[in-house]
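As provided, my_file_22.txt (compact mmCIF, C-alpha atoms) reads as follows.
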```txt
# COMPACT_ATOMS: atom_id res chain seq x y z
CA MET K 1 -93.47 31.18 -25.39
CA GLU K 2 -93.29 33.65 -22.58
CA ILE K 3 -91.44 36.89 -21.96
CA LYS K 4 -90.72 37.83 -18.36
CA THR K 5 -91.88 41.45 -18.32
CA ASP K 6 -90.03 42.18 -15.10
CA LEU K 7 -86.76 41.39 -16.92
CA CYS K 8 -87.59 42.83 -20.37
CA ILE K 9 -85.73 46.05 -21.23
CA GLY K 10 -87.74 46.71 -24.41
CA CYS K 11 -84.84 46.37 -26.86
CA GLY K 12 -87.16 44.89 -29.52
CA GLN K 13 -84.82 42.12 -30.76
CA CYS K 14 -87.55 39.51 -30.31
CA ILE K 15 -90.06 41.65 -32.22
CA ILE K 16 -87.82 41.79 -35.26
CA ILE K 17 -87.13 38.07 -35.37
CA CYS K 18 -90.65 36.66 -34.74
CA PRO K 19 -91.73 34.90 -38.00
CA VAL K 20 -95.46 35.57 -37.41
CA GLN K 21 -95.27 39.05 -35.84
CA ALA K 22 -96.79 37.87 -32.59
CA ILE K 23 -94.71 40.18 -30.36
CA ARG K 24 -95.44 43.87 -29.71
CA LEU K 25 -93.93 46.54 -27.52
CA ILE K 26 -96.41 47.85 -24.96
CA ASP K 27 -95.17 50.36 -22.36
CA ASN K 28 -91.62 49.52 -23.39
CA LYS K 29 -92.11 45.82 -22.63
CA ALA K 30 -92.27 43.03 -25.22
CA ILE K 31 -95.59 41.22 -25.01
CA ILE K 32 -96.48 38.02 -26.87
CA ASP K 33 -99.95 37.72 -28.37
CA GLN K 34 -100.66 34.14 -27.29
CA ASP K 35 -103.29 33.63 -30.01
CA LEU K 36 -100.77 34.46 -32.73
CA CYS K 37 -97.72 32.77 -31.21
CA VAL K 38 -97.12 29.45 -33.02
CA GLU K 39 -94.57 28.16 -30.46
CA CYS K 40 -91.79 28.02 -33.04
CA ALA K 41 -89.23 29.13 -30.41
CA VAL K 42 -87.29 31.25 -32.91
CA CYS K 43 -87.34 34.17 -30.41
CA TYR K 44 -85.97 31.90 -27.67
CA ARG K 45 -83.18 30.47 -29.85
CA ASP K 46 -82.16 33.37 -32.03
CA ALA K 47 -83.26 36.79 -30.75
CA GLY K 48 -80.22 37.04 -28.49
CA CYS K 49 -82.27 38.54 -25.67
CA PRO K 50 -79.68 40.50 -23.64
CA VAL K 51 -81.44 39.76 -20.33
CA ASN K 52 -82.66 36.19 -20.99
CA ALA K 53 -86.28 37.23 -20.57
CA ILE K 54 -87.63 34.78 -23.17
CA ARG K 55 -88.72 31.46 -21.75
CA LEU K 56 -90.08 28.20 -23.09
CA LYS K 57 -93.40 27.66 -21.37
CA ARG K 58 -94.50 24.17 -20.29
CA LEU K 59 -97.34 23.73 -22.78
CA LYS K 60 -100.59 21.95 -22.02
CA TRP K 61 -103.01 20.21 -24.36
CA PRO K 62 -104.20 21.38 -26.86
CA ARG K 63 -101.68 24.23 -27.15
CA ILE K 64 -98.78 21.77 -27.09
CA ILE K 65 -99.73 20.62 -30.59
CA ARG K 66 -98.51 23.96 -32.01
CA SER K 67 -94.91 23.01 -31.40
CA PRO K 68 -94.37 20.09 -33.86
CA PHE K 69 -96.17 22.12 -36.56
CA SER K 70 -93.96 25.17 -35.99
CA ASN K 71 -90.71 24.42 -34.21
CA VAL K 72 -88.07 23.08 -36.60
CA ILE K 73 -86.09 21.56 -33.74
CA ALA K 74 -89.08 19.59 -32.39
CA THR K 75 -88.94 16.02 -33.67
CA HIS K 76 -92.41 14.68 -34.29
CA LYS K 77 -93.26 11.46 -32.43
CA ILE K 78 -94.67 9.83 -35.57
CA THR K 79 -92.23 10.84 -38.29
CA GLY K 80 -89.08 10.81 -36.21
CA ILE K 81 -88.00 13.71 -38.39
CA PRO K 82 -87.43 17.25 -37.18
CA GLY K 83 -89.77 19.54 -39.10
CA ARG K 84 -93.28 19.10 -40.44
CA GLY K 85 -92.89 16.81 -43.42
CA THR K 86 -91.98 13.20 -44.05
CA GLU K 87 -89.52 11.42 -46.31
CA GLU K 88 -92.05 11.67 -49.19
CA MET K 89 -90.16 11.52 -52.52
CA LYS K 90 -86.77 12.15 -50.95
CA THR K 91 -86.16 8.42 -50.49
CA ASN K 92 -88.52 7.15 -53.19
CA ASP K 93 -85.67 5.35 -54.97
CA VAL K 94 -85.43 3.14 -51.87
CA THR K 95 -89.01 3.02 -50.53
CA ASN K 96 -91.05 3.10 -53.78
CA ARG K 97 -93.62 5.06 -51.79
CA PHE K 98 -94.88 6.48 -55.10
CA ASN K 99 -94.97 3.98 -57.94
CA ILE K 100 -95.27 4.82 -61.63
CA ASN K 101 -99.10 4.74 -61.54
CA GLU K 102 -99.42 7.10 -58.61
CA ILE K 103 -99.16 10.81 -58.01
CA GLY K 104 -98.18 12.38 -54.69
CA VAL K 105 -99.71 15.67 -53.61
CA SER K 106 -98.32 17.95 -50.92
CA ILE K 107 -100.40 20.87 -49.69
CA GLU K 108 -98.81 23.04 -47.03
CA LEU K 109 -101.26 25.33 -45.28
CA GLY K 110 -99.95 28.61 -43.91
CA ARG K 111 -96.83 28.53 -46.02
CA PRO K 112 -94.96 30.77 -46.73
CA GLY K 113 -94.76 32.42 -43.34
CA VAL K 114 -98.42 33.36 -42.81
CA GLY K 115 -99.52 30.53 -40.51
CA ALA K 116 -102.74 28.54 -40.41
CA HIS K 117 -105.36 27.35 -37.97
CA LEU K 118 -105.58 23.59 -37.77
CA ARG K 119 -109.29 23.89 -38.68
CA ASP K 120 -108.16 24.98 -42.16
CA ILE K 121 -106.99 21.40 -42.74
CA GLU K 122 -110.60 20.21 -42.83
CA LEU K 123 -111.39 22.45 -45.78
CA PHE K 124 -109.21 20.09 -47.78
CA THR K 125 -109.53 16.78 -46.00
CA THR K 126 -113.34 16.64 -45.98
CA LYS K 127 -113.35 17.13 -49.76
CA LEU K 128 -110.33 14.93 -50.48
CA SER K 129 -111.73 12.08 -48.40
CA LYS K 130 -114.90 12.05 -50.55
CA ILE K 131 -112.93 11.23 -53.69
CA GLY K 132 -110.80 8.64 -51.88
CA VAL K 133 -107.16 9.50 -51.31
CA GLU K 134 -104.43 7.76 -49.34
CA TYR K 135 -102.99 10.04 -46.69
CA GLU K 136 -99.33 9.57 -45.80
CA GLU K 137 -99.48 7.59 -42.58
CA GLN K 138 -96.24 9.11 -41.25
CA SER K 139 -97.53 12.67 -41.59
CA PRO K 140 -98.35 14.68 -38.43
CA VAL K 141 -101.52 15.91 -40.16
CA THR K 142 -102.75 12.37 -40.81
CA ALA K 143 -102.36 11.67 -37.10
CA ILE K 144 -105.01 14.26 -36.24
CA ILE K 145 -107.61 13.11 -38.81
CA ILE K 146 -110.18 11.17 -36.78
CA ASP K 147 -112.54 9.64 -39.33
CA LYS K 148 -112.96 8.56 -42.94
CA LYS K 149 -114.80 11.80 -43.73
CA GLY K 150 -111.61 13.77 -43.11
CA HIS K 151 -112.60 15.50 -39.88
CA ILE K 152 -109.91 16.47 -37.39
CA LYS K 153 -109.98 16.47 -33.61
CA GLU K 154 -112.43 19.10 -32.35
CA ASP K 155 -110.35 20.42 -29.47
CA ILE K 156 -107.36 21.37 -31.61
CA LYS K 157 -109.15 23.28 -34.39
CA ASP K 158 -108.39 26.74 -33.00
CA GLU K 159 -104.67 26.09 -32.63
CA PHE K 160 -102.53 28.36 -34.82
CA VAL K 161 -99.38 26.90 -36.37
CA LEU K 162 -96.64 28.02 -38.74
CA SER K 163 -97.69 25.42 -41.30
CA ALA K 164 -99.53 22.12 -41.64
CA PHE K 165 -98.56 19.70 -44.34
CA ILE K 166 -101.23 17.48 -45.96
CA GLU K 167 -99.47 14.65 -47.78
CA LEU K 168 -101.32 12.10 -49.86
CA LYS K 169 -101.18 9.91 -52.90
CA ILE K 170 -103.73 9.06 -55.55
CA PRO K 171 -103.96 6.96 -58.71
CA ARG K 172 -102.91 9.10 -61.68
CA GLU K 173 -106.47 9.28 -63.04
CA LYS K 174 -107.64 11.25 -59.98
CA ILE K 175 -105.32 14.21 -60.47
CA SER K 176 -108.00 16.39 -62.14
CA GLN K 177 -110.35 15.92 -59.17
CA VAL K 178 -107.63 16.95 -56.72
CA LEU K 179 -106.76 20.01 -58.79
CA GLN K 180 -110.43 21.04 -58.76
CA ILE K 181 -110.50 20.75 -54.96
CA ILE K 182 -107.42 22.99 -54.77
CA ARG K 183 -109.27 25.61 -56.86
CA ASP K 184 -112.41 25.32 -54.70
CA VAL K 185 -110.58 25.65 -51.39
CA GLU K 186 -108.58 28.60 -52.68
CA GLU K 187 -111.85 30.57 -52.78
CA GLU K 188 -112.81 29.90 -49.18
CA ILE K 189 -109.58 29.70 -47.20
CA ASP K 190 -108.33 32.55 -44.98
CA THR K 191 -104.64 31.85 -45.41
CA VAL K 192 -102.13 30.87 -48.07
CA PHE K 193 -100.94 27.42 -49.05
CA THR K 194 -98.39 25.88 -51.38
CA VAL K 195 -98.94 22.91 -53.65
CA GLY K 196 -96.45 20.32 -54.83
CA ILE K 197 -96.99 17.33 -57.11
CA ILE K 198 -94.81 14.23 -56.90
CA SER K 199 -94.37 12.00 -59.91
CA ARG K 200 -92.15 9.06 -60.81
CA VAL K 201 -90.45 9.87 -64.09
CA PRO K 202 -91.45 7.47 -66.90
CA GLU K 203 -88.75 5.78 -68.98
CA ASN K 204 -89.45 8.07 -71.96
CA ASN K 205 -89.08 11.14 -69.70
CA VAL K 206 -92.48 12.51 -70.80
CA ASP K 207 -94.87 12.98 -67.92
CA PRO K 208 -98.52 13.00 -69.09
CA PHE K 209 -99.81 14.85 -66.05
CA VAL K 210 -97.86 17.97 -67.03
CA LYS K 211 -100.39 18.45 -69.87
CA ILE K 212 -103.35 17.98 -67.50
CA LEU K 213 -101.97 20.69 -65.23
CA SER K 214 -101.77 23.27 -67.97
CA GLN K 215 -105.24 22.28 -69.24
CA GLN K 216 -106.62 23.09 -65.78
CA GLY K 217 -104.80 26.42 -65.66
CA PHE K 218 -101.96 25.47 -63.35
CA GLU K 219 -98.43 26.59 -63.98
CA ILE K 220 -95.44 24.43 -63.08
CA LYS K 221 -92.64 26.48 -61.54
CA PRO K 222 -89.18 26.12 -63.14
CA ASN K 223 -87.57 24.87 -59.92
CA ALA K 224 -88.25 21.43 -58.54
CA LYS K 225 -86.91 18.78 -56.19
CA VAL K 226 -85.39 15.83 -57.99
CA ASN K 227 -84.51 12.41 -56.61
CA ILE K 228 -81.71 11.28 -58.90
CA GLY K 229 -81.91 7.58 -58.12
CA LEU K 230 -78.66 7.00 -56.22
CA GLY K 231 -80.40 5.37 -53.24
CA LYS K 232 -80.38 1.58 -52.95
CA ILE K 233 -81.81 -1.06 -50.66
CA TRP K 234 -78.72 -2.38 -48.91
CA LYS K 235 -78.13 -6.08 -48.52
CA MET I 1 -85.51 18.56 -42.61
CA THR I 2 -85.76 20.78 -45.61
CA HIS I 3 -88.39 22.37 -47.78
CA SER I 4 -86.37 23.55 -50.68
CA LEU I 5 -89.25 23.26 -53.15
CA HIS I 6 -90.94 26.64 -53.11
CA ARG I 7 -87.96 28.99 -53.30
CA LYS I 8 -89.05 32.19 -54.95
CA GLY I 9 -87.08 33.89 -57.70
CA LYS I 10 -86.67 34.54 -61.38
CA LYS I 11 -85.00 31.89 -63.52
CA ALA I 12 -81.77 33.92 -63.68
CA ASP I 13 -81.62 34.11 -59.87
CA LEU I 14 -82.45 30.45 -59.40
CA GLN I 15 -79.50 29.57 -61.62
CA LYS I 16 -77.36 30.43 -58.62
CA ASP I 17 -79.30 28.31 -56.17
CA TYR I 18 -79.03 24.54 -55.83
CA VAL I 19 -79.67 22.52 -52.70
CA ILE I 20 -78.43 18.96 -52.25
CA LEU I 21 -80.01 16.69 -49.67
CA ALA I 22 -78.86 13.22 -48.63
CA MET I 23 -81.32 11.15 -46.63
CA LEU I 24 -81.40 7.74 -44.97
CA SER I 25 -84.70 5.93 -45.39
CA LYS I 26 -86.25 5.27 -41.99
CA GLY I 27 -86.71 1.62 -41.12
CA ILE I 28 -84.83 0.47 -44.23
CA ASN I 29 -81.32 1.80 -44.70
CA ASP I 30 -80.96 3.42 -41.30
CA LYS I 31 -81.05 -0.05 -39.68
CA PHE I 32 -77.55 -0.90 -40.91
CA PRO I 33 -74.70 -0.31 -38.46
CA ASP I 34 -72.65 1.69 -40.97
CA SER I 35 -75.55 3.88 -42.18
CA ARG I 36 -74.50 6.92 -40.13
CA HIS I 37 -70.92 6.51 -41.27
CA ARG I 38 -72.06 6.49 -44.91
CA LEU I 39 -74.21 9.59 -44.40
CA ILE I 40 -71.30 11.42 -42.80
CA GLN I 41 -69.09 10.38 -45.73
CA ILE I 42 -71.58 12.14 -48.00
CA GLY I 43 -71.42 15.18 -45.74
CA GLU I 44 -67.63 15.23 -46.17
CA ILE I 45 -68.01 15.06 -49.97
CA LEU I 46 -70.57 17.88 -49.95
CA ASN I 47 -68.17 19.93 -47.85
CA GLU I 48 -65.26 19.36 -50.26
CA TYR I 49 -67.12 21.19 -53.03
CA ASN I 50 -67.24 24.52 -51.21
CA PRO I 51 -70.92 24.93 -50.43
CA ILE I 52 -72.17 28.43 -49.72
CA ASN I 53 -73.97 26.85 -46.74
CA ILE I 54 -74.14 23.39 -45.16
CA LEU I 55 -75.88 21.73 -42.22
CA PRO I 56 -73.66 22.41 -39.17
CA LYS I 57 -71.24 19.51 -38.61
CA GLU I 58 -72.38 18.95 -35.03
CA LEU I 59 -75.78 17.87 -36.41
CA TRP I 60 -74.39 15.29 -38.87
CA LYS I 61 -74.32 12.64 -36.14
CA VAL I 62 -78.00 12.98 -35.28
CA SER I 63 -79.87 14.35 -38.29
CA PRO I 64 -81.59 11.95 -40.74
CA VAL I 65 -80.52 14.30 -43.54
CA ILE I 66 -77.46 16.31 -44.54
CA THR I 67 -78.04 19.35 -46.72
CA ALA I 68 -75.77 21.76 -48.54
CA THR I 69 -76.27 24.72 -50.88
CA TYR I 70 -74.32 25.64 -54.02
CA THR I 71 -74.33 28.57 -56.40
CA ASP I 72 -73.71 26.84 -59.73
CA ILE I 73 -74.75 23.70 -61.56
CA LYS I 74 -71.18 22.92 -62.69
CA THR I 75 -70.11 22.31 -59.10
CA VAL I 76 -73.25 20.28 -58.49
CA LYS I 77 -72.39 18.15 -61.52
CA LYS I 78 -68.89 17.49 -60.21
CA LEU I 79 -70.06 16.49 -56.77
CA ILE I 80 -72.87 14.27 -58.08
CA LYS I 81 -70.27 12.56 -60.26
CA THR I 82 -68.23 11.89 -57.13
CA LEU I 83 -71.27 10.61 -55.24
CA LYS I 84 -72.10 8.30 -58.14
CA LYS I 85 -68.55 6.95 -58.13
CA GLU I 86 -68.54 6.41 -54.35
CA ASP I 87 -71.85 4.52 -54.66
CA LEU I 88 -72.87 4.88 -51.02
CA GLY I 89 -76.50 3.92 -51.77
CA ILE I 90 -78.09 6.86 -49.95
CA SER I 91 -80.92 8.82 -51.59
CA ILE I 92 -79.82 12.14 -53.07
CA VAL I 93 -82.21 14.95 -53.94
CA VAL I 94 -81.18 17.97 -56.00
CA SER I 95 -83.38 21.08 -55.77
CA GLY I 96 -83.15 23.83 -58.34
CA LEU I 97 -83.98 24.58 -61.97
CA LEU I 98 -85.42 21.35 -63.36
CA GLU I 99 -84.18 21.97 -66.89
CA GLU I 100 -80.60 22.40 -65.67
CA ILE I 101 -80.78 19.38 -63.37
CA GLN I 102 -82.14 17.26 -66.21
CA LYS I 103 -79.25 18.26 -68.49
CA MET I 104 -76.73 17.75 -65.71
CA VAL I 105 -77.81 14.20 -64.80
CA SER I 106 -78.01 13.04 -68.41
CA LYS I 107 -74.39 14.16 -68.94
CA ILE I 108 -73.25 11.82 -66.17
CA ASP I 109 -75.46 8.91 -67.18
CA LEU I 110 -78.03 9.23 -64.46
CA LYS I 111 -81.80 9.52 -64.76
CA LEU I 112 -84.41 11.52 -62.94
CA HIS I 113 -86.12 9.05 -60.63
CA THR I 114 -88.89 11.08 -58.99
CA VAL I 115 -89.71 14.77 -59.35
CA HIS I 116 -91.49 17.00 -56.85
CA TYR I 117 -92.95 19.84 -58.93
CA SER I 118 -93.98 23.16 -57.43
CA LEU I 119 -97.31 24.69 -58.46
CA GLY I 120 -96.57 27.72 -56.29
CA ILE I 121 -98.60 29.64 -53.75
CA PHE I 122 -102.43 29.79 -53.55
CA GLY I 123 -105.08 31.39 -51.38
CA LYS I 124 -104.98 34.81 -49.71
CA LYS I 125 -101.81 36.07 -51.33
CA GLU I 126 -102.55 39.60 -50.13
CA LEU I 127 -101.24 38.43 -46.74
CA LEU I 128 -97.78 37.89 -48.19
CA PRO I 129 -94.88 40.32 -48.19
CA SER I 130 -93.41 41.52 -51.49
CA ASP I 131 -91.79 39.06 -53.90
CA LYS I 132 -88.30 40.38 -53.11
CA ILE I 133 -88.80 39.75 -49.39
CA LEU I 134 -90.17 36.29 -50.20
CA GLU I 135 -87.03 35.56 -52.22
CA ILE I 136 -85.13 35.78 -48.95
CA THR I 137 -87.64 34.27 -46.53
CA THR I 138 -88.43 31.24 -48.74
CA MET I 139 -84.75 30.30 -48.66
CA CYS I 140 -85.49 28.98 -45.17
CA GLY I 141 -87.76 26.02 -45.85
CA HIS I 142 -89.34 26.14 -42.41
CA HIS I 143 -90.04 29.88 -42.59
CA CYS I 144 -88.10 30.84 -39.54
CA ILE I 145 -86.91 34.11 -41.13
CA SER I 146 -89.31 36.98 -40.57
CA PRO I 147 -90.08 39.62 -43.23
CA GLN I 148 -89.56 42.40 -40.67
CA SER I 149 -86.04 41.16 -39.95
CA VAL I 150 -85.27 41.58 -43.67
CA TRP I 151 -86.52 45.16 -43.53
CA HIS I 152 -84.59 45.75 -40.32
CA TYR I 153 -81.30 44.74 -41.95
CA VAL I 154 -82.10 46.62 -45.16
CA GLN I 155 -82.47 49.76 -43.05
CA LEU I 156 -79.13 49.09 -41.32
CA ILE I 157 -77.45 48.54 -44.71
CA ARG I 158 -78.86 51.80 -46.04
CA ASP I 159 -77.67 53.61 -42.91
CA LYS I 160 -74.23 51.99 -43.41
CA LYS I 161 -74.42 50.45 -39.95
CA ILE I 162 -73.82 46.92 -41.21
CA SER I 163 -72.24 45.38 -44.29
CA VAL I 164 -74.54 43.49 -46.63
CA GLU I 165 -72.54 40.29 -46.06
CA LYS I 166 -72.90 40.59 -42.29
CA ALA I 167 -76.63 41.28 -42.68
CA ALA I 168 -77.02 38.09 -44.75
CA GLU I 169 -75.19 36.13 -42.03
CA LYS I 170 -77.51 37.56 -39.38
CA LEU I 171 -80.59 36.65 -41.42
CA LYS I 172 -79.30 33.11 -41.86
CA LYS I 173 -79.21 32.45 -38.10
CA PRO I 174 -82.75 31.07 -37.55
CA CYS I 175 -82.40 28.71 -40.55
CA VAL I 176 -80.78 25.62 -39.07
CA CYS I 177 -80.88 23.35 -42.13
CA GLY I 178 -78.01 24.77 -44.17
CA ILE I 179 -80.17 25.68 -47.16
CA PHE I 180 -80.13 29.48 -46.85
CA ASN I 181 -78.16 30.72 -49.84
CA LEU I 182 -75.90 33.51 -48.57
CA PHE I 183 -74.73 34.46 -52.04
CA ARG I 184 -78.28 35.07 -53.25
CA ALA I 185 -79.19 36.82 -49.98
CA VAL I 186 -76.39 39.36 -50.53
CA GLN I 187 -77.61 40.06 -54.06
CA ILE I 188 -81.25 40.44 -53.00
CA LEU I 189 -80.42 42.63 -50.00
CA ASN I 190 -78.34 44.91 -52.22
CA LYS I 191 -81.23 45.21 -54.64
CA ILE I 192 -83.85 45.93 -51.96
CA ALA I 193 -81.58 48.49 -50.28
CA LYS I 194 -80.92 50.23 -53.61
CA ASP I 195 -84.56 50.22 -54.74
CA SER I 196 -85.92 51.45 -51.41
CA SER I 197 -83.46 54.31 -50.87
```
Can you present the structure in this file as structure tokens?
Amino acid sequence: MEIKTDLCIGCGQCIIICPVQAIRLIDNKAIIDQDLCVECAVCYRDAGCPVNAIRLKRLKWPRIIRSPFSNVIATHKITGIPGRGTEEMKTNDVTNRFNINEIGVSIELGRPGVGAHLRDIELFTTKLSKIGVEYEEQSPVTAIIIDKKGHIKEDIKDEFVLSAFIELKIPREKISQVLQIIRDVEEEIDTVFTVGIISRVPENNVDPFVKILSQQGFEIKPNAKVNIGLGKIWK
Amino acid sequence: MTHSLHRKGKKADLQKDYVILAMLSKGINDKFPDSRHRLIQIGEILNEYNPINILPKELWKVSPVITATYTDIKTVKKLIKTLKKEDLGISIVVSGLLEEIQKMVSKIDLKLHTVHYSLGIFGKKELLPSDKILEITTMCGHHCISPQSVWHYVQLIRDKKISVEKAAEKLKKPCVCGIFNLFRAVQILNKIAKDSS
């Protein structure tokens, strides 16, 4: 993003609306800290700049990668979905992406609202890859993992984004190992992250992994996302 | 196009916060010529049940999902019943209190198919704003609402320069998905304004 300082009247609308506080007023002009700006374009779309001083910059590699990880309007080339995630469990009644013997794990770095460097992804992926996990192939994060050890492209590591979503699935018996990795990374990471667990509901409605979670000191929040099984494969 | 999973709030507050999402599966159901028509039909049904917010209609023709937000489980039950009867075959996800959703679906002879549980937030939580601010900002699943904009409008409410309803509308603007719950936002803004004055 860019603010034309010759046009800026210093009203501060863009400062208020920036989700990562990347804009400051210096000498009565709004200035964007380019290291902090995640290219979400919220200022461009919603600040209502009275003099149209906010501009979308033509981004070059590697900075251009910030946009699909931050701008909700940007449709990712791989997922075809605006936003950072994939269909995951939302269409599981049609795709069977997660079967009854599998658990899905979603780890969103930088969420809520703090942001993350893409290098933070490696803190997880290098450990997760050691235990053998299946990354969601449609995920934008999977697209930047370059080897089986979970490393990501070197030239994008310093890019700062609103959030990066690691999506994977594992056989049910590996859930304890993944939970341990979450605990380990929590100690070393410089940002926040959210964790979600996806599970097909067994016929008897009793999910055994719920017990494992509490045994390892994790608390399940009372609100969840529920696919209620109305989707069908059309003929 | 939505991250309705990690909405912050106490159980009593979350009782007034349910998000419905309808989604076409890419490469499977979206290949059929009438898939968009079916998705839009769902949008019309969601609209009939007076959502507090809904994905803007102009996006229904292009978005792979349609989302809407409701303030009570009774309404959600009624609309799910209608969706079941219409049998359009599109995946439906309900976000909200799991216990309530479980009761609701069993009453209309449906079953939970897949659940996405939230384990919450980890890491450097000292970087986060207060829980009350997060209750508002996490209602935008892509985190396009800034904490300082919440404070800005709280200040305007306290100075009687804007109504709380208008402030909630202003805060909603960067959230394009239709999952920002205006009803809850009004309640939270009132509380923050009262507690900080």
- Query: Residues at most 10 Å from Thr91 of chain K, counting all atoms listed in the file, excluding those fewer than 6 positions away in the same chain, as a list of chain:residue names?
  - Reply: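 So the residues in contact are K:Arg97, K:Asn227, K:Ile228, K:Gly229, K:Leu230, K:Gly231, K:Lys232, I:Ala22, I:Met23, I:Leu24, I:Ser25, I:Lys26, I:Ile90, I:Ser91, I:Ile92, I:Val93, I:Thr114.
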- Polymer residues at most 10 Å from segment 46-49 of chain I, all atoms listed in the file, same-chain spacing of 5 or more positions, as a ChimeraX atom specification: /I:20-22,40-41,54-55,57,66-70,75-76,78-80,82-83
Show me the residues close to (-85.9, 30.3, -34.7) - anything with an atom within 8 Å, counting only C-alpha atoms - and format the list as a short mmCIF file (atom, residue, chain, number, x, y, z; two decimals) with C-alpha atoms, keeping the file's coordinate frame.
```
data_model
loop_
_atom_site.label_atom_id
_atom_site.label_comp_id
_atom_site.auth_asym_id
_atom_site.auth_seq_id
_atom_site.Cartn_x
_atom_site.Cartn_y
_atom_site.Cartn_z
CA ILE K 17 -87.13 38.07 -35.37
CA CYS K 18 -90.65 36.66 -34.74
CA CYS K 40 -91.79 28.02 -33.04
CA ALA K 41 -89.23 29.13 -30.41
CA VAL K 42 -87.29 31.25 -32.91
CA CYS K 43 -87.34 34.17 -30.41
CA TYR K 44 -85.97 31.90 -27.67
CA ARG K 45 -83.18 30.47 -29.85
CA ASP K 46 -82.16 33.37 -32.03
CA ASN K 71 -90.71 24.42 -34.21
CA VAL K 72 -88.07 23.08 -36.60
CA CYS I 144 -88.10 30.84 -39.54
CA ILE I 145 -86.91 34.11 -41.13
CA LYS I 173 -79.21 32.45 -38.10
CA PRO I 174 -82.75 31.07 -37.55
CA CYS I 175 -82.40 28.71 -40.55
#
```
- Contacts of segment 181-197 of chain K within 7 Å, all atoms listed in the file, excl. fewer than 4 positions in-chain, as a list in words: Ile103, Gly104, Val105, Ser106, Ile107, Glu108, Leu109, Gly110, Arg111, Val114, Ala116, Leu123, Phe124, Lys127 and Gln177 of chain K; His116, Tyr117, Ser118, Leu119, Gly120, Ile121, Phe122, Gly123, Lys124 and Lys125 of chain I
Take the residues that were just selected and, keeping C-alpha atoms, output them as a PDB file, in the coordinates of the input.
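Result file follows (again-v7.pdb):
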```pdb
ATOM      1  CA  ILE K 103     -99.160  10.810 -58.010  1.00  0.00           C
ATOM      2  CA  GLY K 104     -98.180  12.380 -54.690  1.00  0.00           C
ATOM      3  CA  VAL K 105     -99.710  15.670 -53.610  1.00  0.00           C
ATOM      4  CA  SER K 106     -98.320  17.950 -50.920  1.00  0.00           C
ATOM      5  CA  ILE K 107    -100.400  20.870 -49.690  1.00  0.00           C
ATOM      6  CA  GLU K 108     -98.810  23.040 -47.030  1.00  0.00           C
ATOM      7  CA  LEU K 109    -101.260  25.330 -45.280  1.00  0.00           C
ATOM      8  CA  GLY K 110     -99.950  28.610 -43.910  1.00  0.00           C
ATOM      9  CA  ARG K 111     -96.830  28.530 -46.020  1.00  0.00           C
ATOM     10  CA  VAL K 114     -98.420  33.360 -42.810  1.00  0.00           C
ATOM     11  CA  ALA K 116    -102.740  28.540 -40.410  1.00  0.00           C
ATOM     12  CA  LEU K 123    -111.390  22.450 -45.780  1.00  0.00           C
ATOM     13  CA  PHE K 124    -109.210  20.090 -47.780  1.00  0.00           C
ATOM     14  CA  LYS K 127    -113.350  17.130 -49.760  1.00  0.00           C
ATOM     15  CA  GLN K 177    -110.350  15.920 -59.170  1.00  0.00           C
TER      16      GLN K 177
ATOM     17  CA  HIS I 116     -91.490  17.000 -56.850  1.00  0.00           C
ATOM     18  CA  TYR I 117     -92.950  19.840 -58.930  1.00  0.00           C
ATOM     19  CA  SER I 118     -93.980  23.160 -57.430  1.00  0.00           C
ATOM     20  CA  LEU I 119     -97.310  24.690 -58.460  1.00  0.00           C
ATOM     21  CA  GLY I 120     -96.570  27.720 -56.290  1.00  0.00           C
ATOM     22  CA  ILE I 121     -98.600  29.640 -53.750  1.00  0.00           C
ATOM     23  CA  PHE I 122    -102.430  29.790 -53.550  1.00  0.00           C
ATOM     24  CA  GLY I 123    -105.080  31.390 -51.380  1.00  0.00           C
ATOM     25  CA  LYS I 124    -104.980  34.810 -49.710  1.00  0.00           C
ATOM     26  CA  LYS I 125    -101.810  36.070 -51.330  1.00  0.00           C
TER      27      LYS I 125
END
```
- Can you work out the spacing between atom CA of Val176 of chain I and atom CA of Ser146 of chain I in Å, to one decimal?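 Separation of atom CA of Val176 of chain I and atom CA of Ser146 of chain I: 14.3 Å.
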As a PDB file, in the frame of the given file, the rebuilt segment 221-226 of chain K with N, CA and C atoms:
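Saved file result38.pdb follows:
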```pdb
ATOM      1  N   LYS K 221     -93.769  25.581 -61.751  1.00  0.00           N
ATOM      2  CA  LYS K 221     -92.640  26.480 -61.540  1.00  0.00           C
ATOM      3  C   LYS K 221     -91.357  25.851 -62.104  1.00  0.00           C
ATOM      4  N   PRO K 222     -90.388  26.690 -62.501  1.00  0.00           N
ATOM      5  CA  PRO K 222     -89.180  26.120 -63.140  1.00  0.00           C
ATOM      6  C   PRO K 222     -88.275  25.352 -62.169  1.00  0.00           C
ATOM      7  N   ASN K 223     -88.420  25.611 -60.874  1.00  0.00           N
ATOM      8  CA  ASN K 223     -87.570  24.870 -59.920  1.00  0.00           C
ATOM      9  C   ASN K 223     -88.340  23.726 -59.281  1.00  0.00           C
ATOM     10  N   ALA K 224     -87.612  22.642 -59.053  1.00  0.00           N
ATOM     11  CA  ALA K 224     -88.250  21.430 -58.540  1.00  0.00           C
ATOM     12  C   ALA K 224     -87.272  20.704 -57.625  1.00  0.00           C
ATOM     13  N   LYS K 225     -87.773  19.663 -56.987  1.00  0.00           N
ATOM     14  CA  LYS K 225     -86.910  18.780 -56.190  1.00  0.00           C
ATOM     15  C   LYS K 225     -86.801  17.477 -56.966  1.00  0.00           C
ATOM     16  N   VAL K 226     -85.579  17.001 -57.147  1.00  0.00           N
ATOM     17  CA  VAL K 226     -85.390  15.830 -57.990  1.00  0.00           C
ATOM     18  C   VAL K 226     -84.611  14.736 -57.260  1.00  0.00           C
TER      19      VAL K 226
END
```
